[in-house]
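Engineer: I'd like to ask you about the structure that follows.
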Amino acid sequence: NLGSGIGGNIETAWAALRDEAAGCTRCPLYKDATQTVFGEGPVDARLMFVGEQPGDQEDLAGKPFVGPAGQVFDRALGEAGVDRSTVYVTNAVKHFKFEQRGKRRIHSKPGAGEIEACRWWIEQEQMLIRPKMTVALGATAARALLGRTVTISRERGRAFELPGDGGMGWITVHPSFLLRLPDEAAKREEYARFVEDLRAAAAAMD
Ligand code: URA
């Protein structure tokens, strides 16, 4: 409904939100990151994905999931029959947290305080986009959406109601988890499970 009056207003409100997020100082991560990496995708998306935080390449590009984890995500989405251009993709934490080691910037896990500080943005994104289904990619995203710690293995792979007016939720692993698996057979198996989760989450909306 992008061409309609309502769609147009949401688009404008979303752009204002993104511009506001560009100047976010809600937690100290803005000091060392290159830029805020806000969510991306159509404001009328029915399906929303939440990752952890931008990585090195996302920090430089200003877009979510464009680095190695993004490539796994894109491939899995495609195999699940979901076109990335139709979904909204964002992160629980919108600045890259890292440790500088020589020339390399090594990813650090966001802490509870940073997740909590950044939750405000996800809530705004949820209110504007009103996705039917929101998929948490990994524990940080699940924590941001549910406001409590989540054990992925216990809670993945089924639809549930998100708190408030958030629509349906679904929990699965983070694509980086797949990249870190040392064993090729385990990698293949976990990747297939991930694709199946994405397919089932999309199907659960209908
Ligand atoms: N990992 C994430 O969680 N988000 C990104 O945008 C990139 C990597």
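Here, A, B, ... name the chains of the structure tokens in the order displayed, residue numbers run from 1 inside each chain, and ligands are numbered from 1 in the same displayed order.
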Residues within 10 Å of Phe73 in chain A, please, as a list in words. Count only C-alpha atoms; anything in the same chain fewer than 4 positions from it doesn't count.
Structural biologist: Phe65, Val66, Gly67, Pro68, Ala69, Leu77, Gly78, Glu79, Arg84, Leu137, His174, Pro175, Ser176, Tyr191, Phe194, Val195 and Leu198 of chain A
Engineer: With C-alpha atoms kept, could you save the residues just selected as a PDB file, in the first residue's frame?
Structural biologist:
ATOM      1  CA  PHE A  65      23.164  -8.150   6.910  1.00  0.00           C
ATOM      2  CA  VAL A  66      25.443  -7.367   3.978  1.00  0.00           C
ATOM      3  CA  GLY A  67      28.556  -9.208   5.279  1.00  0.00           C
ATOM      4  CA  PRO A  68      29.273 -12.950   5.635  1.00  0.00           C
ATOM      5  CA  ALA A  69      26.293 -13.628   7.938  1.00  0.00           C
ATOM      6  CA  LEU A  77      15.874 -16.955   2.684  1.00  0.00           C
ATOM      7  CA  GLY A  78      15.964 -17.732  -1.030  1.00  0.00           C
ATOM      8  CA  GLU A  79      15.888 -21.469  -0.368  1.00  0.00           C
ATOM      9  CA  ARG A  84      14.454 -10.480   0.768  1.00  0.00           C
ATOM     10  CA  LEU A 137      17.722 -14.514  14.647  1.00  0.00           C
ATOM     11  CA  HIS A 174      21.642 -16.557  14.116  1.00  0.00           C
ATOM     12  CA  PRO A 175      23.291 -17.178  10.714  1.00  0.00           C
ATOM     13  CA  SER A 176      26.732 -16.520  12.292  1.00  0.00           C
ATOM     14  CA  TYR A 191      21.762 -24.877   7.805  1.00  0.00           C
ATOM     15  CA  PHE A 194      17.597 -22.882   9.629  1.00  0.00           C
ATOM     16  CA  VAL A 195      16.061 -22.883   6.122  1.00  0.00           C
ATOM     17  CA  LEU A 198      12.454 -19.627   7.852  1.00  0.00           C
TER      18      LEU A 198
END
Engineer: List every residue of chain A that has an atom at most 6 Å from any atom of ligand 1, and for each one report the closest atom pair and its distance in Å to one decimal, counting only C-alpha atoms and all ligand atoms, with rows sorted by chain and then by increasing residue number, as CSV.
Structural biologist:
residue,atom,partner,partner_atom_place_in_ligand_line,distance
A:Gly51,CA,ligand 1,3 (O),3.7
A:Glu52,CA,ligand 1,3 (O),3.5
A:Gln53,CA,ligand 1,3 (O),4.4
A:Pro54,CA,ligand 1,6 (O),3.9
A:Gly55,CA,ligand 1,8 (C),4.8
A:Glu58,CA,ligand 1,6 (O),5.8
A:Pro64,CA,ligand 1,6 (O),3.6
A:Phe65,CA,ligand 1,6 (O),3.7
A:Ala69,CA,ligand 1,8 (C),5.3
A:Gly70,CA,ligand 1,7 (C),6.0
A:Asn91,CA,ligand 1,4 (N),5.7
Engineer: According to DSSP computed on the backbone, where in range 114-193 of chain A is there strand (DSSP E or B)? Give the residues as a list of chain:residue names.
Structural biologist: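 In range 114-193 of chain A, DSSP puts these residues in strand (DSSP E or B): A:Met133, A:Thr134, A:Val135, A:Ala136, A:Leu137, A:Phe160, A:Glu161, A:Met168, A:Gly169, A:Trp170, A:Ile171, A:Thr172.
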Engineer: Can you write just those residues out, N, CA and C atoms, as a PDB file, in the first residue's frame?
Structural biologist:
ATOM      1  N   MET A 133       4.514 -11.282  11.345  1.00  0.00           N
ATOM      2  CA  MET A 133       5.447 -12.237  11.960  1.00  0.00           C
ATOM      3  C   MET A 133       6.817 -11.595  12.097  1.00  0.00           C
ATOM      4  N   THR A 134       7.408 -11.727  13.291  1.00  0.00           N
ATOM      5  CA  THR A 134       8.775 -11.234  13.517  1.00  0.00           C
ATOM      6  C   THR A 134       9.657 -12.406  13.912  1.00  0.00           C
ATOM      7  N   VAL A 135      10.713 -12.618  13.152  1.00  0.00           N
ATOM      8  CA  VAL A 135      11.623 -13.731  13.424  1.00  0.00           C
ATOM      9  C   VAL A 135      12.881 -13.204  14.110  1.00  0.00           C
ATOM     10  N   ALA A 136      13.145 -13.739  15.303  1.00  0.00           N
ATOM     11  CA  ALA A 136      14.369 -13.389  16.027  1.00  0.00           C
ATOM     12  C   ALA A 136      15.478 -14.312  15.565  1.00  0.00           C
ATOM     13  N   LEU A 137      16.561 -13.733  15.057  1.00  0.00           N
ATOM     14  CA  LEU A 137      17.722 -14.514  14.647  1.00  0.00           C
ATOM     15  C   LEU A 137      18.705 -14.520  15.823  1.00  0.00           C
ATOM     16  N   PHE A 160       4.536 -17.969  18.295  1.00  0.00           N
ATOM     17  CA  PHE A 160       3.946 -17.573  19.579  1.00  0.00           C
ATOM     18  C   PHE A 160       3.544 -16.105  19.480  1.00  0.00           C
ATOM     19  N   GLU A 161       2.807 -15.636  20.464  1.00  0.00           N
ATOM     20  CA  GLU A 161       2.386 -14.231  20.470  1.00  0.00           C
ATOM     21  C   GLU A 161       3.478 -13.380  21.105  1.00  0.00           C
ATOM     22  N   MET A 168       2.859 -12.005  15.702  1.00  0.00           N
ATOM     23  CA  MET A 168       3.438 -13.314  15.985  1.00  0.00           C
ATOM     24  C   MET A 168       4.962 -13.236  16.020  1.00  0.00           C
ATOM     25  N   GLY A 169       5.547 -14.109  16.817  1.00  0.00           N
ATOM     26  CA  GLY A 169       7.000 -14.196  16.890  1.00  0.00           C
ATOM     27  C   GLY A 169       7.464 -15.602  16.583  1.00  0.00           C
ATOM     28  N   TRP A 170       8.735 -15.711  16.245  1.00  0.00           N
ATOM     29  CA  TRP A 170       9.353 -16.993  15.921  1.00  0.00           C
ATOM     30  C   TRP A 170      10.827 -16.858  16.261  1.00  0.00           C
ATOM     31  N   ILE A 171      11.407 -17.885  16.849  1.00  0.00           N
ATOM     32  CA  ILE A 171      12.821 -17.819  17.228  1.00  0.00           C
ATOM     33  C   ILE A 171      13.605 -18.864  16.453  1.00  0.00           C
ATOM     34  N   THR A 172      14.730 -18.447  15.911  1.00  0.00           N
ATOM     35  CA  THR A 172      15.642 -19.401  15.282  1.00  0.00           C
ATOM     36  C   THR A 172      17.080 -18.986  15.590  1.00  0.00           C
TER      37      THR A 172
END
Engineer: From the set A:Thr140, A:Gln126, A:Thr149, A:Thr34, which residue has the shortest atom-to-atom contact distance to His95 in chain A, counting only C-alpha atoms?
Structural biologist: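 Smallest separation from His95 in chain A among the options: A:Thr34.
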Engineer: Please report, as JSON lines, each residue of range 56-133 of chain A lying at most 9 Å from range 20-28 of chain A, together with the nearest pair of atoms and the separation in Å rounded to one decimal; use only C-alpha atoms, and order rows by chain and ascending residue number.
Structural biologist:
{"residue": "A:Lys94", "atom": "CA", "partner": "A:Ala21", "partner_atom": "CA", "distance": 8.6}
{"residue": "A:Gly113", "atom": "CA", "partner": "A:Cys27", "partner_atom": "CA", "distance": 8.0}
{"residue": "A:Glu114", "atom": "CA", "partner": "A:Cys27", "partner_atom": "CA", "distance": 6.1}
{"residue": "A:Ala117", "atom": "CA", "partner": "A:Arg26", "partner_atom": "CA", "distance": 5.9}
{"residue": "A:Cys118", "atom": "CA", "partner": "A:Arg26", "partner_atom": "CA", "distance": 7.1}
{"residue": "A:Trp121", "atom": "CA", "partner": "A:Ala21", "partner_atom": "CA", "distance": 7.7}
Engineer: Taking the chain letters and numbering used in this document, name the residues of range 7-80 of chain A that DSSP puts in helix (DSSP H, G or I), as a PyMOL selection string.
Structural biologist: chain A and resi 7-22+28-31+56-61+68-79
Engineer: For range 45-47 of chain A, list every protein, DNA or RNA residue within 7 Å, evaluated using only C-alpha atoms, and leave out those in the same chain fewer than 4 positions away; present the list as a ChimeraX atom specification.
Structural biologist: /A:86-88,129,131-134
Engineer: For each of A:Leu128, A:Ala186, A:Val89, A:Ala204, take the minimum atom-to-atom distance to Trp14 in chain A, counting only C-alpha atoms, then give the residue where this is smallest.
Structural biologist: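 Looking at the shortest contact to Trp14 in chain A, the residue is A:Leu128.
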